[in-house]
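Visitor: target-v4.cif (mmCIF, C-alpha atoms) pasted underneath:
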data_model
#
loop_
_atom_site.label_atom_id
_atom_site.label_comp_id
_atom_site.auth_asym_id
_atom_site.auth_seq_id
_atom_site.Cartn_x
_atom_site.Cartn_y
_atom_site.Cartn_z
CA MET A 5 0.00 0.00 0.00
CA THR A 6 1.43 3.40 -0.92
CA ARG A 7 2.05 5.87 1.87
CA ARG A 8 -0.89 8.04 0.85
CA LEU A 9 -3.33 5.12 0.58
CA ALA A 10 -2.26 3.88 4.01
CA TRP A 11 -4.06 6.85 5.52
CA ILE A 12 -7.47 5.79 4.13
CA PRO A 13 -8.05 3.21 6.92
CA VAL A 14 -6.98 5.83 9.49
CA ALA A 15 -9.51 8.33 8.11
CA GLY A 16 -12.09 5.52 8.06
CA ARG A 17 -11.41 4.69 11.69
CA LEU A 18 -11.67 8.31 12.79
CA LEU A 19 -14.85 9.02 10.81
CA ALA A 20 -16.72 5.76 11.44
CA GLY A 21 -15.53 5.69 15.06
CA GLY A 22 -16.39 9.36 15.60
CA ILE A 23 -19.95 8.85 14.38
CA LEU A 24 -20.35 5.77 16.59
CA VAL A 25 -19.01 7.60 19.64
CA ALA A 26 -21.26 10.63 19.04
CA GLY A 27 -24.35 8.48 18.37
CA GLY A 28 -23.70 6.19 21.32
CA PHE A 29 -22.87 9.00 23.73
CA LEU A 30 -25.92 11.12 22.83
CA LYS A 31 -28.20 8.12 23.19
CA LEU A 32 -26.62 7.11 26.49
CA ARG A 33 -27.01 10.62 27.83
CA ALA A 34 -30.77 10.34 27.31
CA PRO A 35 -33.03 7.74 28.93
CA ALA A 36 -33.24 4.39 27.10
CA GLU A 37 -37.01 4.93 26.64
CA GLU A 38 -36.26 7.66 24.08
CA PHE A 39 -34.18 5.37 21.86
CA ALA A 40 -36.77 2.61 22.36
CA ALA A 41 -39.43 5.01 21.02
CA ALA A 42 -37.23 5.80 17.99
CA LEU A 43 -36.74 2.06 17.32
CA GLU A 44 -40.47 1.50 17.62
CA ALA A 45 -41.02 3.67 14.54
CA TYR A 46 -39.15 1.09 12.39
CA ARG A 47 -41.93 -1.47 13.12
CA PHE A 48 -39.27 -4.10 12.83
CA PHE A 49 -38.29 -5.13 16.35
CA PRO A 50 -40.42 -7.22 18.74
CA PRO A 51 -41.98 -4.86 21.34
CA ASP A 52 -40.53 -6.81 24.27
CA LEU A 53 -37.02 -6.40 22.90
CA LEU A 54 -37.20 -2.64 22.27
CA LEU A 55 -36.03 -1.54 25.70
CA PRO A 56 -33.28 -4.20 26.03
CA ILE A 57 -31.97 -3.25 22.56
CA ALA A 58 -32.17 0.45 23.49
CA ARG A 59 -30.07 -0.23 26.57
CA VAL A 60 -27.37 -2.36 24.92
CA VAL A 61 -26.82 -0.93 21.40
CA PRO A 62 -25.69 2.58 22.49
CA TRP A 63 -23.02 1.07 24.75
CA ALA A 64 -21.87 -1.17 21.89
CA GLU A 65 -21.69 1.87 19.57
CA TYR A 66 -19.91 4.07 22.08
CA LEU A 67 -17.24 1.59 23.17
CA THR A 68 -16.68 0.16 19.68
CA GLY A 69 -16.29 3.71 18.36
CA LEU A 70 -13.76 4.60 21.05
CA TYR A 71 -11.67 1.47 20.45
CA LEU A 72 -11.86 2.06 16.71
CA ILE A 73 -10.56 5.62 17.02
CA ALA A 74 -7.82 4.52 19.39
CA GLY A 75 -6.94 1.62 17.10
CA LEU A 76 -7.25 -0.91 19.90
CA TRP A 77 -7.95 -4.60 19.20
CA LEU A 78 -8.75 -3.66 15.61
CA ARG A 79 -9.01 -7.33 14.66
CA TRP A 80 -12.26 -7.40 16.64
CA THR A 81 -13.42 -3.79 16.79
CA ALA A 82 -13.33 -3.13 13.03
CA PRO A 83 -15.61 -6.11 12.18
CA MET A 84 -17.83 -5.18 15.15
CA ALA A 85 -18.16 -1.61 13.81
CA ALA A 86 -18.92 -3.00 10.34
CA LEU A 87 -21.59 -5.23 11.92
CA LEU A 88 -23.18 -2.22 13.64
CA TYR A 89 -23.20 -0.11 10.46
CA GLY A 90 -24.50 -3.13 8.53
CA ALA A 91 -27.36 -3.44 11.02
CA PHE A 92 -28.15 0.31 10.67
CA VAL A 93 -28.15 0.08 6.87
CA ALA A 94 -30.36 -3.05 6.99
CA SER A 95 -32.88 -1.44 9.40
CA LEU A 96 -33.11 1.79 7.40
CA SER A 97 -33.40 -0.08 4.09
CA ALA A 98 -36.11 -2.33 5.52
CA ALA A 99 -38.05 0.77 6.64
CA PHE A 100 -37.68 2.37 3.17
CA LEU A 101 -38.73 -0.82 1.38
CA ARG A 102 -41.80 -1.18 3.57
CA GLY A 103 -42.77 2.43 2.90
CA ILE A 104 -42.40 3.48 6.54
CA SER A 105 -41.86 7.20 6.77
CA LEU A 106 -39.49 7.93 9.64
CA GLU A 107 -39.32 11.48 10.98
CA SER A 108 -35.79 10.89 12.17
CA CYS A 109 -33.43 7.92 12.07
CA GLY A 110 -33.01 8.12 15.85
CA CYS A 111 -29.26 7.61 15.43
CA PHE A 112 -28.26 10.50 17.68
CA GLY A 113 -31.23 10.37 20.06
CA GLY A 114 -33.31 13.52 20.08
CA ALA A 115 -30.26 15.80 20.20
CA TRP A 116 -29.27 15.79 16.53
CA ILE A 117 -31.87 15.00 13.94
CA PHE A 118 -30.87 13.69 10.54
CA SER A 119 -33.09 12.46 7.76
CA PRO A 120 -33.14 8.68 7.27
CA ALA A 121 -32.04 9.08 3.61
CA TRP A 122 -28.96 11.08 4.62
CA THR A 123 -28.13 8.54 7.33
CA LEU A 124 -28.52 5.61 4.96
CA ALA A 125 -26.07 7.23 2.54
CA THR A 126 -23.58 8.06 5.32
CA ASP A 127 -23.78 4.60 6.90
CA SER A 128 -23.26 2.90 3.54
CA PHE A 129 -20.22 5.10 2.94
CA MET A 130 -18.89 4.20 6.40
CA LEU A 131 -19.25 0.51 5.54
CA LEU A 132 -16.95 1.06 2.56
CA PHE A 133 -14.45 2.84 4.77
CA LEU A 134 -14.61 0.01 7.31
CA TRP A 135 -13.89 -2.52 4.59
CA ALA A 136 -10.59 -0.65 4.16
CA VAL A 137 -9.99 -0.80 7.92
CA VAL A 138 -10.74 -4.54 8.16
CA SER A 139 -8.41 -5.38 5.28
CA ASP A 140 -5.62 -3.06 6.46
CA ARG A 141 -2.63 -4.91 7.94
CA GLU A 142 -0.32 -1.97 8.56
CA ARG A 143 -2.58 -0.29 11.11
CA ILE A 144 -0.59 2.93 11.24
CA PHE A 145 -1.48 5.52 13.87
CA SER A 146 -3.05 2.89 16.15
CA LEU A 147 -2.50 1.66 19.70
CA ASP A 148 -2.36 -1.89 18.34
CA ARG A 149 0.81 -1.00 16.45
CA ARG A 150 2.28 1.11 19.22
CA LEU A 151 1.74 -1.44 22.00
CA LYS A 152 2.89 -4.45 19.97
CA MET B 20 -1.02 -7.05 28.77
CA LYS B 21 -0.34 -3.37 28.02
CA ARG B 22 -3.24 -3.33 25.58
CA THR B 23 -5.62 -4.82 28.15
CA LEU B 24 -4.62 -2.16 30.66
CA VAL B 25 -5.10 0.65 28.13
CA ALA B 26 -8.49 -0.81 27.12
CA PHE B 27 -9.52 -1.03 30.77
CA LEU B 28 -8.53 2.59 31.46
CA LEU B 29 -10.26 3.78 28.27
CA THR B 30 -13.46 1.94 29.21
CA VAL B 31 -13.46 3.31 32.77
CA ALA B 32 -12.97 6.88 31.47
CA ALA B 33 -15.72 6.42 28.86
CA VAL B 34 -18.25 4.98 31.32
CA SER B 35 -17.46 7.74 33.83
CA ALA B 36 -18.10 10.40 31.17
CA VAL B 37 -21.57 8.95 30.48
CA VAL B 38 -22.44 8.68 34.17
CA LEU B 39 -21.35 12.30 34.73
CA VAL B 40 -23.47 13.80 31.96
CA ARG B 41 -26.60 11.77 32.54
CA GLY B 42 -29.34 14.05 33.81
CA SER B 43 -31.80 13.31 36.53
CA GLY B 44 -35.39 14.17 37.30
CA GLY B 45 -36.49 17.06 39.47
CA PRO B 46 -39.61 19.00 40.37
CA LEU B 47 -41.06 18.76 36.88
CA ALA B 48 -44.43 20.38 37.43
CA SER B 49 -43.27 23.38 39.43
CA GLY B 50 -43.55 26.68 37.62
CA VAL B 51 -46.08 25.46 35.05
CA PRO B 52 -48.74 28.18 34.57
CA ALA B 53 -52.05 27.17 36.17
CA TYR B 54 -53.91 27.18 32.86
CA ARG B 55 -51.65 24.37 31.65
CA VAL B 56 -52.49 22.13 34.61
CA ARG B 57 -55.67 20.12 35.05
CA GLY B 58 -56.98 17.68 37.64
CA PRO B 59 -57.47 17.99 41.39
CA PHE B 60 -54.69 19.71 43.31
CA ARG B 61 -54.44 16.84 45.82
CA ALA B 62 -54.47 14.07 43.19
CA ARG B 63 -52.03 11.29 44.12
CA VAL B 64 -50.78 10.79 40.60
CA LYS B 65 -48.85 13.64 39.03
CA ILE B 66 -48.40 13.48 35.30
CA VAL B 67 -46.14 15.83 33.36
CA VAL B 68 -46.28 15.79 29.56
CA PHE B 69 -43.45 17.24 27.46
CA SER B 70 -44.99 17.68 24.05
CA ASP B 71 -44.77 19.39 20.68
CA PHE B 72 -47.95 20.36 18.82
CA GLN B 73 -46.45 19.53 15.43
CA CYS B 74 -45.10 16.13 16.43
CA PRO B 75 -47.16 13.28 14.92
CA GLY B 76 -46.18 10.95 17.78
CA CYS B 77 -47.58 13.49 20.28
CA ALA B 78 -50.89 13.61 18.40
CA LYS B 79 -51.01 9.78 18.46
CA ALA B 80 -50.26 9.64 22.18
CA GLU B 81 -53.08 12.07 23.09
CA PRO B 82 -56.00 9.62 22.84
CA VAL B 83 -53.96 7.02 24.75
CA LEU B 84 -53.37 9.47 27.60
CA LYS B 85 -57.00 10.53 27.50
CA ALA B 86 -58.14 6.89 27.78
CA LEU B 87 -55.82 6.38 30.76
CA LEU B 88 -57.19 9.48 32.51
CA ASP B 89 -60.79 8.45 31.69
CA ARG B 90 -60.19 5.12 33.44
CA HIS B 91 -59.09 7.02 36.56
CA PRO B 92 -61.35 10.08 36.82
CA GLY B 93 -60.17 12.64 39.36
CA GLU B 94 -57.10 10.63 40.31
CA ALA B 95 -54.44 12.51 38.36
CA ARG B 96 -53.15 16.03 37.99
CA VAL B 97 -51.68 16.66 34.55
CA ALA B 98 -49.26 19.43 33.64
CA PHE B 99 -48.31 20.29 30.08
CA ARG B 100 -44.82 21.49 29.19
CA HIS B 101 -43.78 22.66 25.74
CA TYR B 102 -40.90 20.92 24.03
CA PRO B 103 -40.94 22.24 20.46
CA LEU B 104 -38.53 20.22 18.33
CA ARG B 105 -36.30 22.14 15.95
CA MET B 106 -37.23 19.90 13.03
CA HIS B 107 -40.84 21.08 13.18
CA ARG B 108 -41.29 24.42 11.44
CA TRP B 109 -44.45 25.60 13.18
CA SER B 110 -44.03 24.09 16.65
CA VAL B 111 -43.06 27.33 18.37
CA LEU B 112 -45.82 29.27 16.61
CA ALA B 113 -48.37 26.63 17.70
CA ALA B 114 -47.03 26.78 21.26
CA ARG B 115 -47.47 30.58 21.19
CA ALA B 116 -51.04 30.21 19.98
CA ALA B 117 -51.78 27.69 22.75
CA GLU B 118 -50.30 30.11 25.29
CA ALA B 119 -52.45 32.94 23.93
CA ALA B 120 -55.50 30.67 24.35
CA GLY B 121 -54.23 29.83 27.84
CA PHE B 122 -54.13 33.52 28.76
CA GLN B 123 -57.91 33.44 28.16
CA GLY B 124 -58.33 30.18 30.13
CA LYS B 125 -58.78 27.95 27.08
CA PHE B 126 -55.43 26.21 26.89
CA TRP B 127 -56.78 22.63 27.00
CA PRO B 128 -59.54 23.00 24.36
CA TYR B 129 -57.02 24.77 22.13
CA HIS B 130 -54.45 22.05 22.83
CA ASP B 131 -56.98 19.38 21.76
CA LEU B 132 -57.86 21.32 18.61
CA LEU B 133 -54.20 21.74 17.62
CA PHE B 134 -53.60 18.01 17.87
CA GLN B 135 -56.85 17.06 16.14
CA ARG B 136 -56.14 19.36 13.21
CA GLN B 137 -52.37 18.97 13.10
CA LYS B 138 -52.37 17.71 9.51
CA GLU B 139 -54.39 20.76 8.44
CA TRP B 140 -52.25 23.57 9.88
CA GLU B 141 -48.79 22.03 9.63
CA VAL B 142 -48.83 22.17 5.82
CA GLN B 143 -49.74 25.87 5.65
CA PRO B 144 -47.14 28.34 4.38
CA ASP B 145 -47.99 30.34 7.51
CA PRO B 146 -50.59 28.92 9.90
CA THR B 147 -51.14 32.16 11.86
CA GLU B 148 -54.53 32.89 10.25
CA MET B 149 -55.62 29.32 10.90
CA PHE B 150 -54.65 29.64 14.56
CA LEU B 151 -56.75 32.82 14.76
CA ARG B 152 -59.67 30.92 13.21
CA TYR B 153 -59.36 28.15 15.81
CA ALA B 154 -59.41 30.81 18.53
CA ALA B 155 -62.62 32.22 17.07
CA GLU B 156 -64.11 28.70 16.96
CA LEU B 157 -63.49 28.36 20.69
CA GLY B 158 -65.13 31.72 21.31
CA LEU B 159 -61.95 33.51 22.33
CA ASP B 160 -61.61 37.27 22.08
CA GLY B 161 -59.88 37.67 18.70
CA ASP B 162 -58.19 41.01 19.39
CA ARG B 163 -56.83 39.82 22.70
CA PHE B 164 -55.69 36.53 21.18
CA ARG B 165 -53.88 38.44 18.41
CA ARG B 166 -52.24 40.69 21.03
CA ASP B 167 -51.27 37.80 23.31
CA PHE B 168 -49.94 35.84 20.35
CA GLN B 169 -47.36 38.61 19.92
CA ASP B 170 -46.76 38.94 23.67
CA PRO B 171 -43.06 38.37 24.48
CA ARG B 172 -44.09 36.55 27.70
CA TRP B 173 -44.21 33.30 25.73
CA THR B 174 -40.40 33.38 25.30
CA ALA B 175 -39.85 33.15 29.07
CA LEU B 176 -42.50 30.43 29.42
CA LEU B 177 -40.98 28.37 26.63
CA THR B 178 -37.45 28.86 27.95
CA ALA B 179 -38.57 27.68 31.40
CA ASP B 180 -40.07 24.52 29.88
CA MET B 181 -36.98 23.81 27.81
CA GLU B 182 -34.77 24.31 30.85
CA THR B 183 -36.90 21.88 32.88
CA ALA B 184 -36.70 19.40 30.00
CA ARG B 185 -32.92 19.71 29.99
CA LYS B 186 -32.74 19.09 33.74
CA ALA B 187 -35.09 16.11 33.42
CA ASN B 188 -32.97 14.74 30.58
CA VAL B 189 -35.80 14.96 28.06
CA SER B 190 -34.90 15.22 24.38
CA SER B 191 -37.77 13.42 22.66
CA THR B 192 -41.49 13.99 22.39
CA PRO B 193 -43.86 13.05 23.77
CA THR B 194 -42.14 12.25 27.05
CA ILE B 195 -44.71 11.57 29.73
CA PHE B 196 -43.79 11.33 33.38
CA ILE B 197 -46.22 9.34 35.50
CA GLY B 198 -44.98 10.01 39.00
CA ASP B 199 -41.22 9.49 38.77
CA ASN B 200 -41.33 7.09 35.83
CA ARG B 201 -41.24 8.10 32.22
CA VAL B 202 -42.57 6.70 28.98
CA VAL B 203 -41.77 8.03 25.53
CA GLY B 204 -44.49 7.83 22.89
CA GLY B 205 -47.97 6.38 22.69
CA THR B 206 -46.92 2.74 22.38
CA GLN B 207 -44.93 2.79 25.61
CA LEU B 208 -47.77 4.70 27.28
CA GLU B 209 -50.26 2.08 26.13
CA ALA B 210 -48.04 -0.79 27.27
CA ASP B 211 -46.87 0.57 30.64
CA GLY B 212 -49.17 3.50 31.46
CA GLU B 213 -51.68 1.57 33.55
CA ARG B 214 -49.01 -0.18 35.62
CA LEU B 215 -47.08 3.07 36.22
CA PHE B 216 -50.30 4.87 37.12
CA ARG B 217 -51.13 2.24 39.76
CA GLU B 218 -47.58 2.37 41.10
CA ALA B 219 -47.74 6.16 41.36
CA ALA B 220 -51.12 5.99 43.09
CA ARG B 221 -49.82 3.71 45.86
#
Mind converting the file's structure to structure tokens?
Guide:
Amino acid sequence: MTRRLAWIPVAGRLLAGGILVAGGFLKLRAPAEEFAAALEAYRFFPPDLLLPIARVVPWAEYLTGLYLIAGLWLRWTAPMAALLYGAFVASLSAAFLRGISLESCGCFGGAWIFSPAWTLATDSFMLLFLWAVVSDRERIFSLDRRLK
Amino acid sequence: MKRTLVAFLLTVAAVSAVVLVRGSGGPLASGVPAYRVRGPFRARVKIVVFSDFQCPGCAKAEPVLKALLDRHPGEARVAFRHYPLRMHRWSVLAARAAEAAGFQGKFWPYHDLLFQRQKEWEVQPDPTEMFLRYAAELGLDGDRFRRDFQDPRWTALLTADMETARKANVSSTPTIFIGDNRVVGGTQLEADGERLFREAAR
């Protein structure tokens, strides 16, 4: 990989991780009931699972995002981040295909409101970036490399 | 080993940051103008609703809340607090109209009308005339309504509600507090409202 291309995974980590940290943190700052209400709008998740999902997913986003930015245990955190973004893309696509009109994607709680279409585009782009992170072996600018 | 230690420290710092910024409850109903409160003063169940007149979820939750209150007549005292979301163009204007109706003692009928006709006024290029028409329908004094609609008092009232929402860690509508417990949206209210009401009444 040329020197310039080697920075693509780093940018991917910072961007994808930054979005996960912001989304997770803003959702964790608010009560889980708010995220559960946002998930409800997707008409996709079983009602009994809404609150448990709303309690667990923001922590997964927040911590995965932090580890991704720091470049820690990238062998596990990069696929985990890809899994999260994949789940977001799948949920949003399912809502679009079923003709469900969402007021907001609920990704950042009630603090920042983004349209579902914008979020779908961003999340898909992040998945591409994460593909670069997963397949990167050099892992420059990461704690994994520094603490080897 | 080093990596595990760094991961541990990072996780501890991250969890601490969340714990530090998480808000708590507080005296939610204090400072709400009397015209925005209904139900007996000594009711055992205190309900505080943070709502936005242009929010479709708030309009959907209204009949659910009404059904809950109808099942327990005279048992609850309900306070309404504005939480106009930025994504809704006419929320603040609707809140101002409801306040103007409140100044003439008709907040609740106006509140019901705004939710019932949400789809009608939210698509207007400027719903002000429609709000004036609703006021006339409820028999309000048109000149006074027009004057109160422009009254800068609403800014302070709205700011107070938003500040209370911030302290109570509210950022979504409708957020409904039944006693100390909260539900967000009509579905949660339908599923848990009765249980929370009974718990609050104990």
Visitor: Please determine, counting all atoms listed in the file, which residue among B:Gly93, B:Gly161, B:Pro75, B:Gly50 has the shortest atom-to-atom distance to chain A.
Guide: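 Residue with the minimum atom-to-atom distance to chain A: B:Pro75.
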Visitor: Residues of chain B were defined as contacting chain A if any atom lay at most 8 Å from it, counting all atoms listed in the file; please report them as a PDB file with C-alpha atoms, keeping the file's coordinate frame.
Guide:
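Once written, result-v1.pdb looks like this:
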ATOM      1  CA  LYS B  21      -0.340  -3.370  28.020  1.00  0.00           C
ATOM      2  CA  ARG B  22      -3.240  -3.330  25.580  1.00  0.00           C
ATOM      3  CA  ALA B  26      -8.490  -0.810  27.120  1.00  0.00           C
ATOM      4  CA  THR B  30     -13.460   1.940  29.210  1.00  0.00           C
ATOM      5  CA  ALA B  33     -15.720   6.420  28.860  1.00  0.00           C
ATOM      6  CA  VAL B  37     -21.570   8.950  30.480  1.00  0.00           C
ATOM      7  CA  VAL B  40     -23.470  13.800  31.960  1.00  0.00           C
ATOM      8  CA  ARG B  41     -26.600  11.770  32.540  1.00  0.00           C
ATOM      9  CA  GLY B  42     -29.340  14.050  33.810  1.00  0.00           C
ATOM     10  CA  MET B 106     -37.230  19.900  13.030  1.00  0.00           C
ATOM     11  CA  ASN B 188     -32.970  14.740  30.580  1.00  0.00           C
ATOM     12  CA  VAL B 189     -35.800  14.960  28.060  1.00  0.00           C
ATOM     13  CA  SER B 190     -34.900  15.220  24.380  1.00  0.00           C
ATOM     14  CA  SER B 191     -37.770  13.420  22.660  1.00  0.00           C
ATOM     15  CA  ARG B 201     -41.240   8.100  32.220  1.00  0.00           C
ATOM     16  CA  VAL B 202     -42.570   6.700  28.980  1.00  0.00           C
ATOM     17  CA  VAL B 203     -41.770   8.030  25.530  1.00  0.00           C
ATOM     18  CA  GLY B 204     -44.490   7.830  22.890  1.00  0.00           C
ATOM     19  CA  THR B 206     -46.920   2.740  22.380  1.00  0.00           C
ATOM     20  CA  GLN B 207     -44.930   2.790  25.610  1.00  0.00           C
TER      21      GLN B 207
END
Visitor: What does the PyMOL selection byres ((chain A and resi 123) around 12) select in this file, as a list in words?
Guide: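 Selection result, ordered by chain and number: Ile23, Gly27, Tyr89, Phe92, Val93, Ala94, Ser95, Leu96, Ser97, Leu106, Ser108, Cys109, Gly110, Cys111, Phe112, Trp116, Ile117, Phe118, Ser119, Pro120, Ala121, Trp122, Leu124, Ala125, Thr126, Asp127, Ser128, Phe129 and Met130 of chain A.
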Visitor: I'd like the interatomic distance between atom CA of Leu43 of chain A and atom CA of Leu87 of chain B, to a tenth of an Å.
Guide: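 Separating atom CA of Leu43 of chain A from atom CA of Leu87 of chain B is a distance of 23.7 Å.
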Visitor: Under the PyMOL selection byres ((chain A and resi 21) around 8), which residues of this model are included? Write them out as a PyMOL selection string.
Guide: chain A and resi 16-20+22-25+68-73+85
